[in-house]
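Chemist: What follows is a structure written as structure tokens; I'll ask about it next.
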Amino acid sequence: MRDKNGRTPRMLFTEEHRGLVKEGEKWMKNTASSCMLLATLITTVMFAAIFTVPGGNDNSKGTPLVLASTSFIVFAVADAFALFSSVTSILMFLSILTSRYAEEDFVESLPKRLVVGLATLFCSIAAMLVAFAATFCIVLDHRLAWIVVPISLGSSVPVTLFAFLQFPLFVDMIHSSYGAGIFARKSTDMLY
């Protein structure tokens, strides 16, 4: 259908919401840039951490001295996981920054990319703090065992804080991406 000016509902919607698209683009770019900066910092630290192994290396073989330690295995796995998830997060935020920002992108692809980016960023922060706690255990080597538990528990504070601060945004993005959506009819509408 067309109105008296010959415009379709889609054309009218696009014309009326042009400012909203610009505001959404600005917000999305700012959010992606900030998160990408954090993910890049985590990537840098995790990449460097694997080459500066806690406990030192055997000079003759070049292998870590604490290679058989459970704490070292936890450190290595957490470091690798943090590195891979932060790189994934960087790629997701980069894809947001390089998007064309068409109206259709705001309905599906941009929210999905933001959900994946935030989820992998959260995983990288959590894994980085697990790697920190494992390194702390290696460095202390059971000399100050009483301090390991409080420090390890304290390292969960930043992850929890990030989760609580970003959780409302995360839920909104999941709901808009995977929920009923903006075009779903209400159940009461189906009765008539």
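Ordering of the structure tokens sets the chain letters (A, B, ...), residue numbers begin anew at 1 in every chain, and ligands are numbered from 1 in the order given.
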Excluding A:Tyr101 and any residue of its chain fewer than 6 positions from it, enumerate the residues within 10 Å of it, using only C-alpha atoms, and give them as a ChimeraX atom specification.

Modeler: /A:21-22,24-26,28-29,109-110

Chemist: Using N, CA, C and O atoms, can you write the selected residues to a file as a PDB file, in the first residue's frame?

Modeler:
ATOM      1  N   VAL A  21      18.600   5.693  13.467  1.00  0.00           N
ATOM      2  CA  VAL A  21      19.651   4.853  12.884  1.00  0.00           C
ATOM      3  C   VAL A  21      21.016   5.482  13.141  1.00  0.00           C
ATOM      4  O   VAL A  21      21.976   4.796  13.517  1.00  0.00           O
ATOM      5  N   LYS A  22      21.123   6.804  12.991  1.00  0.00           N
ATOM      6  CA  LYS A  22      22.391   7.498  13.236  1.00  0.00           C
ATOM      7  C   LYS A  22      22.803   7.390  14.703  1.00  0.00           C
ATOM      8  O   LYS A  22      23.966   7.156  15.015  1.00  0.00           O
ATOM      9  N   GLY A  24      21.863   5.013  16.790  1.00  0.00           N
ATOM     10  CA  GLY A  24      22.209   3.607  17.012  1.00  0.00           C
ATOM     11  C   GLY A  24      23.591   3.280  16.491  1.00  0.00           C
ATOM     12  O   GLY A  24      24.354   2.541  17.123  1.00  0.00           O
ATOM     13  N   GLU A  25      23.943   3.837  15.346  1.00  0.00           N
ATOM     14  CA  GLU A  25      25.278   3.624  14.784  1.00  0.00           C
ATOM     15  C   GLU A  25      26.349   4.197  15.699  1.00  0.00           C
ATOM     16  O   GLU A  25      27.364   3.551  15.974  1.00  0.00           O
ATOM     17  N   LYS A  26      26.101   5.393  16.196  1.00  0.00           N
ATOM     18  CA  LYS A  26      27.075   6.039  17.098  1.00  0.00           C
ATOM     19  C   LYS A  26      27.255   5.225  18.374  1.00  0.00           C
ATOM     20  O   LYS A  26      28.374   4.979  18.827  1.00  0.00           O
ATOM     21  N   MET A  28      26.588   2.009  18.862  1.00  0.00           N
ATOM     22  CA  MET A  28      27.190   0.715  18.556  1.00  0.00           C
ATOM     23  C   MET A  28      28.692   0.860  18.336  1.00  0.00           C
ATOM     24  O   MET A  28      29.478   0.039  18.819  1.00  0.00           O
ATOM     25  N   LYS A  29      29.116   1.903  17.631  1.00  0.00           N
ATOM     26  CA  LYS A  29      30.540   2.121  17.389  1.00  0.00           C
ATOM     27  C   LYS A  29      31.282   2.426  18.690  1.00  0.00           C
ATOM     28  O   LYS A  29      32.390   1.927  18.907  1.00  0.00           O
ATOM     29  N   SER A 109      21.833  -8.789  12.604  1.00  0.00           N
ATOM     30  CA  SER A 109      23.270  -9.077  12.607  1.00  0.00           C
ATOM     31  C   SER A 109      24.058  -8.304  13.648  1.00  0.00           C
ATOM     32  O   SER A 109      24.915  -8.880  14.331  1.00  0.00           O
ATOM     33  N   LEU A 110      23.805  -7.010  13.812  1.00  0.00           N
ATOM     34  CA  LEU A 110      24.571  -6.241  14.802  1.00  0.00           C
ATOM     35  C   LEU A 110      24.310  -6.703  16.236  1.00  0.00           C
ATOM     36  O   LEU A 110      25.265  -6.863  17.004  1.00  0.00           O
TER      37      LEU A 110
END

Chemist: Can you list, as a VMD selection string, every protein, DNA or RNA residue that comes within 12 Å of A:Ile73 when you count only C-alpha atoms, leaving out same-chain residues fewer than 4 positions away?

Modeler: chain A and resid 50 53 to 54 64 66 to 69 77 to 80 130 to 131 134 to 135 137 to 138

Chemist: Would you mind telling me which residue in A:Asn5, A:Thr43, A:Ser152, A:Ser33 lies nearest to A:Phe81 when using only C-alpha atoms?

Modeler: A:Thr43

Chemist: In Å, rounded to a single decimal, give me how far atom CA of A:Gly117 is from atom CA of A:Phe136.

Modeler: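 That distance, rounded to one decimal, is 28.5 Å.
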
Chemist: Could you please determine the separation between atom CA of A:Ala127 and atom CA of A:Pro158 in Å, to one decimal place?

Modeler: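 Those two atoms sit 11.7 Å apart.
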
Chemist: Can you tell me how far atom CA of A:Val159 sits from atom CA of A:Leu38, in Å to one decimal?

Modeler: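 About the pair atom CA of A:Val159 and atom CA of A:Leu38: they are 13.2 Å apart.
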
Chemist: Residues near A:Leu118, anyone? I mean within 10 Å using only C-alpha atoms, not counting same-chain ones fewer than 5 positions away, as a list in words.

Modeler: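 Residues near the query, excluding close chain neighbours: Ala32, Cys35, Met36, Ala39, Ser86, Ser89, Met92, Phe93, Lys112, Arg113, Cys123, Ser124, Ala163, Gln166, Phe167, Leu169, Phe170 and Met173 of chain A.
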